[in-house]
file upload.tsv (TSV, C-alpha atoms)
chain	number	residue	atom	x	y	z
A	20	MET	CA	3.62	-2.99	2.10
A	21	SER	CA	5.07	-1.76	-1.14
A	22	PRO	CA	4.58	2.02	-1.10
A	23	PRO	CA	3.53	4.20	-3.98
A	24	GLY	CA	6.67	5.72	-5.32
A	25	GLY	CA	8.28	8.49	-7.17
A	26	GLY	CA	11.88	9.41	-7.59
A	27	PRO	CA	14.57	7.58	-9.51
A	28	ASP	CA	14.25	3.93	-10.43
A	29	ALA	CA	16.25	1.38	-8.49
A	30	ASP	CA	18.91	-0.59	-10.30
A	31	PHE	CA	17.43	-4.10	-10.48
A	32	SER	CA	19.09	-6.07	-13.27
A	33	ASP	CA	16.26	-8.62	-13.37
A	34	GLU	CA	13.51	-5.99	-13.66
A	35	PRO	CA	13.24	-4.61	-17.23
A	36	ASN	CA	10.90	-1.78	-16.17
A	37	CYS	CA	13.51	-0.28	-13.80
A	38	GLN	CA	15.66	2.10	-15.79
A	39	PRO	CA	17.77	4.17	-13.38
A	40	LEU	CA	19.69	5.87	-16.21
A	41	GLY	CA	16.57	6.60	-18.26
A	42	LYS	CA	14.21	9.54	-18.15
A	43	PRO	CA	12.34	9.50	-14.80
A	44	GLY	CA	8.62	8.91	-14.78
A	45	ARG	CA	6.05	11.42	-13.63
A	46	ASP	CA	5.74	12.34	-9.97
A	47	ILE	CA	2.96	10.80	-7.92
A	48	PHE	CA	0.77	13.42	-6.28
A	49	GLN	CA	-1.30	13.20	-3.14
A	50	VAL	CA	-3.47	15.88	-1.58
A	51	THR	CA	-1.83	16.76	1.72
A	52	PHE	CA	-1.09	19.68	4.00
A	53	THR	CA	1.32	22.16	2.48
A	54	ARG	CA	2.10	25.15	4.71
A	55	ASN	CA	-0.11	24.47	7.73
A	56	VAL	CA	-3.04	22.30	8.78
A	57	ARG	CA	-5.49	24.64	7.04
A	58	THR	CA	-3.84	24.58	3.61
A	59	PHE	CA	-3.99	21.60	1.26
A	60	GLY	CA	-2.06	21.17	-1.96
A	61	LEU	CA	-0.46	18.72	-4.37
A	62	PRO	CA	3.27	18.82	-3.64
A	63	GLY	CA	5.52	16.64	-5.77
A	64	ARG	CA	8.46	14.46	-4.79
A	65	TYR	CA	6.63	12.51	-2.10
A	66	MET	CA	7.78	8.89	-2.04
A	67	GLY	CA	8.31	5.87	0.15
A	68	THR	CA	6.93	5.60	3.67
A	69	SER	CA	5.49	9.12	3.70
A	70	MET	CA	3.26	8.09	0.79
A	71	ALA	CA	2.46	4.58	2.04
A	72	ALA	CA	1.38	5.51	5.58
A	73	PRO	CA	-1.82	7.36	4.60
A	74	HIS	CA	-2.84	4.58	2.21
A	75	VAL	CA	-2.32	1.84	4.78
A	76	THR	CA	-4.01	3.89	7.52
A	77	ALA	CA	-7.04	4.56	5.32
A	78	THR	CA	-7.30	0.90	4.37
A	79	ALA	CA	-7.09	-0.10	8.04
A	80	ALA	CA	-9.99	2.29	8.74
A	81	LEU	CA	-11.97	0.74	5.88
A	82	VAL	CA	-11.36	-2.76	7.27
A	83	ILE	CA	-12.66	-1.66	10.69
A	84	ALA	CA	-15.66	0.16	9.19
A	85	SER	CA	-16.53	-2.77	6.93
A	86	GLY	CA	-17.08	-5.06	9.90
A	87	VAL	CA	-15.30	-7.88	8.09
A	88	LEU	CA	-13.38	-8.66	11.32
A	89	GLY	CA	-16.35	-8.22	13.62
A	90	PRO	CA	-17.52	-5.26	15.70
A	91	ASP	CA	-14.30	-4.57	17.65
A	92	PRO	CA	-11.16	-5.89	15.92
A	93	THR	CA	-7.80	-5.54	17.64
A	94	PRO	CA	-4.91	-3.69	15.98
A	95	ALA	CA	-3.19	-7.06	15.53
A	96	GLN	CA	-6.22	-8.46	13.69
A	97	VAL	CA	-6.36	-5.46	11.37
A	98	SER	CA	-2.63	-5.67	10.68
A	99	ARG	CA	-2.90	-9.41	9.95
A	100	ARG	CA	-5.83	-8.78	7.58
A	101	LEU	CA	-3.82	-6.20	5.62
A	102	LEU	CA	-0.85	-8.57	5.37
A	103	ASP	CA	-2.99	-11.60	4.47
A	104	THR	CA	-4.80	-9.77	1.66
A	105	ALA	CA	-1.79	-7.95	0.16
A	106	ARG	CA	-0.94	-9.04	-3.39
A	107	ASP	CA	2.46	-10.72	-3.42
A	108	LEU	CA	4.93	-9.15	-5.83
A	109	GLY	CA	8.36	-10.35	-6.89
A	110	LEU	CA	9.74	-13.41	-5.15
A	111	PRO	CA	7.15	-15.48	-3.24
A	112	GLY	CA	6.57	-14.16	0.27
A	113	PRO	CA	7.89	-10.99	1.91
A	114	ASP	CA	11.11	-9.69	0.41
A	115	ASN	CA	13.40	-6.65	0.50
A	116	ARG	CA	12.14	-5.28	-2.80
A	117	TYR	CA	8.36	-5.35	-2.29
A	118	GLY	CA	7.96	-5.92	1.45
A	119	ALA	CA	4.70	-7.72	2.18
A	120	GLY	CA	3.35	-6.91	-1.27
A	121	LEU	CA	0.85	-4.47	-2.73
A	122	LEU	CA	-1.87	-3.21	-0.42
A	123	ASP	CA	-5.27	-4.37	-1.71
A	124	ALA	CA	-8.14	-2.46	-0.08
A	125	ALA	CA	-10.80	-4.38	-2.02
A	126	ALA	CA	-9.50	-7.74	-0.81
A	127	ALA	CA	-8.98	-6.45	2.74
A	128	THR	CA	-12.61	-5.31	3.05
A	129	ALA	CA	-14.22	-8.21	1.21
A	130	ALA	CA	-16.33	-10.57	3.27
A	131	ALA	CA	-14.75	-13.96	3.81
A	132	THR	CA	-16.30	-16.64	1.70
A	133	ALA	CA	-17.29	-19.97	3.14
A	134	PRO	CA	-15.46	-23.01	1.76
A	135	ALA	CA	-17.33	-24.92	-0.91
A	136	PRO	CA	-19.17	-28.00	0.38
A	137	SER	CA	-17.37	-31.28	-0.28
call {"tool": "encode", "arguments": {"input": "upload.tsv", "output": "structure tokens"}}
result
Amino acid sequence: MSPPGGGPDADFSDEPNCQPLGKPGRDIFQVTFTRNVRTFGLPGRYMGTSMAAPHVTATAALVIASGVLGPDPTPAQVSRRLLDTARDLGLPGPDNRYGAGLLDAAAATAAATAPAPS
């Protein structure tokens, strides 16, 4: 999945919104433990996998709780659901820039729709 970010922009010549030499954007904040497991805060400079893991984990929990995969889905089924409902970004399919795409919790927890009658 493409993680929420922070930090300097990458140098992608074909992406006009990436400006590695420009002024950096604002930090992305996430409530998390700061000094110990009893203290929460909003530290800055969190980026990459450390930011993506809680989002993906929470969405996996929502998929399980929603029942969209039945009463007892396997980890493989949950993982497949997250991958199948991610919004593709960049080049078609998984790629080095955006991974499997943007995590989409709404799509991942939505009930499957039956195909329209022919």
call {"tool": "closest_residue", "arguments": {"input": "upload.tsv", "among": "A:Pro62, A:Pro35, A:Gly109, A:Pro92", "to": "Gln49 in chain A", "atoms": "all atoms listed in the file"}}
result
A:Pro62
call {"tool": "closest_residue", "arguments": {"input": "upload.tsv", "among": "A:Ala129, A:Thr53, A:Ser32, A:Leu101", "to": "Ala77 in chain A", "atoms": "all atoms listed in the file"}}
result
A:Leu101
call {"tool": "closest_residue", "arguments": {"input": "upload.tsv", "among": "A:Leu40, A:Val50, A:Ala126, A:Tyr117", "to": "Ser85 in chain A", "atoms": "all atoms listed in the file"}}
result
A:Ala126
call {"tool": "closest_residue", "arguments": {"input": "upload.tsv", "among": "A:Asn115, A:Thr68, A:Asn36, A:Thr128", "to": "Asp103 in chain A", "atoms": "only C-alpha atoms"}}
result
A:Thr128
call {"tool": "closest_residue", "arguments": {"input": "upload.tsv", "among": "A:Arg116, A:Ala79, A:His74, A:Leu88", "to": "Ala29 in chain A", "atoms": "all atoms listed in the file"}}
result
A:Arg116
call {"tool": "axis_aligned_box", "arguments": {"input": "upload.tsv", "around": "range 80-87 of chain A", "padding_each_side": "3 Å", "output": "JSON"}}
result
{"center_x": -13.5, "center_y": -2.8, "center_z": 8.3, "size_x": 13.1, "size_y": 16.2, "size_z": 10.8}
call {"tool": "residues_near_point", "arguments": {"input": "upload.tsv", "point": "(-14.2, -5.7, 14.2)", "cutoff": "9 Å", "atoms": "only C-alpha atoms", "output": "VMD selection string"}}
result
chain A and resid 82 to 93 96 to 97
call {"tool": "closest_residue", "arguments": {"input": "upload.tsv", "among": "A:Lys42, A:Thr76, A:Val56, A:Ala71", "to": "Leu121 in chain A", "atoms": "only C-alpha atoms"}}
result
A:Ala71
call {"tool": "residues_around", "arguments": {"input": "upload.tsv", "residues": "Val75 in chain A", "least_positions_apart": "5", "cutoff": "10 Å", "atoms": "only C-alpha atoms", "output": "PyMOL selection string"}}
result
chain A and resi 20+22+70+80-81+98+101+122-124
call {"tool": "decode", "arguments": {"input": "upload.tsv", "residues": "range 78-117 of chain A", "atoms": "N, CA and C atoms", "output": "PDB file, in the first residue's frame"}}
result
ATOM      1  N   THR A  78      -7.723  -0.973   9.057  1.00  0.00           N
ATOM      2  CA  THR A  78      -8.627  -1.327   7.966  1.00  0.00           C
ATOM      3  C   THR A  78      -8.856  -2.835   7.926  1.00  0.00           C
ATOM      4  N   ALA A  79      -7.829  -3.615   8.212  1.00  0.00           N
ATOM      5  CA  ALA A  79      -8.004  -5.067   8.287  1.00  0.00           C
ATOM      6  C   ALA A  79      -9.009  -5.415   9.388  1.00  0.00           C
ATOM      7  N   ALA A  80      -8.921  -4.740  10.531  1.00  0.00           N
ATOM      8  CA  ALA A  80      -9.871  -4.981  11.618  1.00  0.00           C
ATOM      9  C   ALA A  80     -11.288  -4.597  11.194  1.00  0.00           C
ATOM     10  N   LEU A  81     -11.422  -3.502  10.457  1.00  0.00           N
ATOM     11  CA  LEU A  81     -12.745  -3.095   9.969  1.00  0.00           C
ATOM     12  C   LEU A  81     -13.316  -4.121   8.994  1.00  0.00           C
ATOM     13  N   VAL A  82     -12.469  -4.675   8.137  1.00  0.00           N
ATOM     14  CA  VAL A  82     -12.928  -5.701   7.187  1.00  0.00           C
ATOM     15  C   VAL A  82     -13.458  -6.908   7.959  1.00  0.00           C
ATOM     16  N   ILE A  83     -12.719  -7.350   8.965  1.00  0.00           N
ATOM     17  CA  ILE A  83     -13.151  -8.501   9.768  1.00  0.00           C
ATOM     18  C   ILE A  83     -14.457  -8.182  10.486  1.00  0.00           C
ATOM     19  N   ALA A  84     -14.518  -7.004  11.121  1.00  0.00           N
ATOM     20  CA  ALA A  84     -15.717  -6.622  11.884  1.00  0.00           C
ATOM     21  C   ALA A  84     -16.934  -6.423  10.985  1.00  0.00           C
ATOM     22  N   SER A  85     -16.712  -6.003   9.752  1.00  0.00           N
ATOM     23  CA  SER A  85     -17.838  -5.747   8.845  1.00  0.00           C
ATOM     24  C   SER A  85     -18.549  -7.028   8.427  1.00  0.00           C
ATOM     25  N   GLY A  86     -17.854  -8.152   8.493  1.00  0.00           N
ATOM     26  CA  GLY A  86     -18.446  -9.409   8.064  1.00  0.00           C
ATOM     27  C   GLY A  86     -18.499  -9.589   6.561  1.00  0.00           C
ATOM     28  N   VAL A  87     -17.892  -8.673   5.822  1.00  0.00           N
ATOM     29  CA  VAL A  87     -17.959  -8.729   4.362  1.00  0.00           C
ATOM     30  C   VAL A  87     -17.316 -10.013   3.815  1.00  0.00           C
ATOM     31  N   LEU A  88     -16.411 -10.617   4.570  1.00  0.00           N
ATOM     32  CA  LEU A  88     -15.763 -11.857   4.136  1.00  0.00           C
ATOM     33  C   LEU A  88     -16.293 -13.077   4.884  1.00  0.00           C
ATOM     34  N   GLY A  89     -17.407 -12.900   5.578  1.00  0.00           N
ATOM     35  CA  GLY A  89     -17.964 -14.010   6.340  1.00  0.00           C
ATOM     36  C   GLY A  89     -17.548 -13.931   7.798  1.00  0.00           C
ATOM     37  N   PRO A  90     -17.974 -14.910   8.599  1.00  0.00           N
ATOM     38  CA  PRO A  90     -17.772 -14.836  10.043  1.00  0.00           C
ATOM     39  C   PRO A  90     -16.343 -15.104  10.519  1.00  0.00           C
ATOM     40  N   ASP A  91     -15.514 -15.767   9.734  1.00  0.00           N
ATOM     41  CA  ASP A  91     -14.178 -16.139  10.206  1.00  0.00           C
ATOM     42  C   ASP A  91     -13.170 -16.114   9.060  1.00  0.00           C
ATOM     43  N   PRO A  92     -12.883 -14.914   8.509  1.00  0.00           N
ATOM     44  CA  PRO A  92     -11.968 -14.848   7.366  1.00  0.00           C
ATOM     45  C   PRO A  92     -10.536 -15.182   7.775  1.00  0.00           C
ATOM     46  N   THR A  93      -9.795 -15.751   6.853  1.00  0.00           N
ATOM     47  CA  THR A  93      -8.383 -16.054   7.093  1.00  0.00           C
ATOM     48  C   THR A  93      -7.554 -14.785   6.868  1.00  0.00           C
ATOM     49  N   PRO A  94      -6.346 -14.754   7.419  1.00  0.00           N
ATOM     50  CA  PRO A  94      -5.468 -13.611   7.132  1.00  0.00           C
ATOM     51  C   PRO A  94      -5.252 -13.411   5.633  1.00  0.00           C
ATOM     52  N   ALA A  95      -5.131 -14.497   4.895  1.00  0.00           N
ATOM     53  CA  ALA A  95      -4.932 -14.387   3.441  1.00  0.00           C
ATOM     54  C   ALA A  95      -6.138 -13.743   2.766  1.00  0.00           C
ATOM     55  N   GLN A  96      -7.342 -14.074   3.221  1.00  0.00           N
ATOM     56  CA  GLN A  96      -8.544 -13.464   2.638  1.00  0.00           C
ATOM     57  C   GLN A  96      -8.602 -11.964   2.936  1.00  0.00           C
ATOM     58  N   VAL A  97      -8.235 -11.587   4.147  1.00  0.00           N
ATOM     59  CA  VAL A  97      -8.248 -10.165   4.506  1.00  0.00           C
ATOM     60  C   VAL A  97      -7.206  -9.419   3.682  1.00  0.00           C
ATOM     61  N   SER A  98      -6.017  -9.982   3.580  1.00  0.00           N
ATOM     62  CA  SER A  98      -4.957  -9.360   2.789  1.00  0.00           C
ATOM     63  C   SER A  98      -5.393  -9.194   1.333  1.00  0.00           C
ATOM     64  N   ARG A  99      -5.987 -10.218   0.754  1.00  0.00           N
ATOM     65  CA  ARG A  99      -6.451 -10.166  -0.634  1.00  0.00           C
ATOM     66  C   ARG A  99      -7.503  -9.091  -0.799  1.00  0.00           C
ATOM     67  N   ARG A 100      -8.412  -8.968   0.189  1.00  0.00           N
ATOM     68  CA  ARG A 100      -9.473  -7.951   0.125  1.00  0.00           C
ATOM     69  C   ARG A 100      -8.862  -6.551   0.110  1.00  0.00           C
ATOM     70  N   LEU A 101      -7.860  -6.315   0.957  1.00  0.00           N
ATOM     71  CA  LEU A 101      -7.215  -5.000   0.991  1.00  0.00           C
ATOM     72  C   LEU A 101      -6.534  -4.699  -0.341  1.00  0.00           C
ATOM     73  N   LEU A 102      -5.861  -5.687  -0.897  1.00  0.00           N
ATOM     74  CA  LEU A 102      -5.188  -5.491  -2.187  1.00  0.00           C
ATOM     75  C   LEU A 102      -6.188  -5.289  -3.322  1.00  0.00           C
ATOM     76  N   ASP A 103      -7.256  -6.077  -3.315  1.00  0.00           N
ATOM     77  CA  ASP A 103      -8.252  -5.998  -4.394  1.00  0.00           C
ATOM     78  C   ASP A 103      -9.044  -4.695  -4.391  1.00  0.00           C
ATOM     79  N   THR A 104      -9.159  -4.053  -3.232  1.00  0.00           N
ATOM     80  CA  THR A 104      -9.957  -2.829  -3.140  1.00  0.00           C
ATOM     81  C   THR A 104      -9.113  -1.558  -3.073  1.00  0.00           C
ATOM     82  N   ALA A 105      -7.788  -1.707  -3.102  1.00  0.00           N
ATOM     83  CA  ALA A 105      -6.909  -0.530  -3.119  1.00  0.00           C
ATOM     84  C   ALA A 105      -7.111   0.219  -4.432  1.00  0.00           C
ATOM     85  N   ARG A 106      -7.012   1.544  -4.373  1.00  0.00           N
ATOM     86  CA  ARG A 106      -7.127   2.358  -5.585  1.00  0.00           C
ATOM     87  C   ARG A 106      -5.767   2.436  -6.264  1.00  0.00           C
ATOM     88  N   ASP A 107      -5.697   1.982  -7.486  1.00  0.00           N
ATOM     89  CA  ASP A 107      -4.452   1.970  -8.241  1.00  0.00           C
ATOM     90  C   ASP A 107      -4.003   3.402  -8.513  1.00  0.00           C
ATOM     91  N   LEU A 108      -2.729   3.647  -8.295  1.00  0.00           N
ATOM     92  CA  LEU A 108      -2.143   4.963  -8.562  1.00  0.00           C
ATOM     93  C   LEU A 108      -0.962   4.780  -9.503  1.00  0.00           C
ATOM     94  N   GLY A 109      -0.651   5.788 -10.275  1.00  0.00           N
ATOM     95  CA  GLY A 109       0.504   5.706 -11.162  1.00  0.00           C
ATOM     96  C   GLY A 109       0.275   4.744 -12.302  1.00  0.00           C
ATOM     97  N   LEU A 110       1.325   3.994 -12.626  1.00  0.00           N
ATOM     98  CA  LEU A 110       1.230   3.009 -13.705  1.00  0.00           C
ATOM     99  C   LEU A 110       0.225   1.935 -13.316  1.00  0.00           C
ATOM    100  N   PRO A 111      -0.462   1.329 -14.290  1.00  0.00           N
ATOM    101  CA  PRO A 111      -1.425   0.269 -13.961  1.00  0.00           C
ATOM    102  C   PRO A 111      -0.750  -0.887 -13.228  1.00  0.00           C
ATOM    103  N   GLY A 112      -1.411  -1.361 -12.175  1.00  0.00           N
ATOM    104  CA  GLY A 112      -0.897  -2.481 -11.395  1.00  0.00           C
ATOM    105  C   GLY A 112       0.124  -2.040 -10.357  1.00  0.00           C
ATOM    106  N   PRO A 113       0.592  -2.986  -9.533  1.00  0.00           N
ATOM    107  CA  PRO A 113       1.600  -2.652  -8.523  1.00  0.00           C
ATOM    108  C   PRO A 113       2.864  -2.105  -9.158  1.00  0.00           C
ATOM    109  N   ASP A 114       3.466  -1.119  -8.511  1.00  0.00           N
ATOM    110  CA  ASP A 114       4.698  -0.543  -9.029  1.00  0.00           C
ATOM    111  C   ASP A 114       5.570  -0.060  -7.869  1.00  0.00           C
ATOM    112  N   ASN A 115       6.802   0.305  -8.177  1.00  0.00           N
ATOM    113  CA  ASN A 115       7.750   0.719  -7.138  1.00  0.00           C
ATOM    114  C   ASN A 115       7.389   2.047  -6.491  1.00  0.00           C
ATOM    115  N   ARG A 116       6.656   2.880  -7.182  1.00  0.00           N
ATOM    116  CA  ARG A 116       6.331   4.194  -6.640  1.00  0.00           C
ATOM    117  C   ARG A 116       5.153   4.139  -5.671  1.00  0.00           C
ATOM    118  N   TYR A 117       4.096   3.437  -6.026  1.00  0.00           N
ATOM    119  CA  TYR A 117       2.876   3.440  -5.223  1.00  0.00           C
ATOM    120  C   TYR A 117       2.515   2.071  -4.638  1.00  0.00           C
TER     121      TYR A 117
END
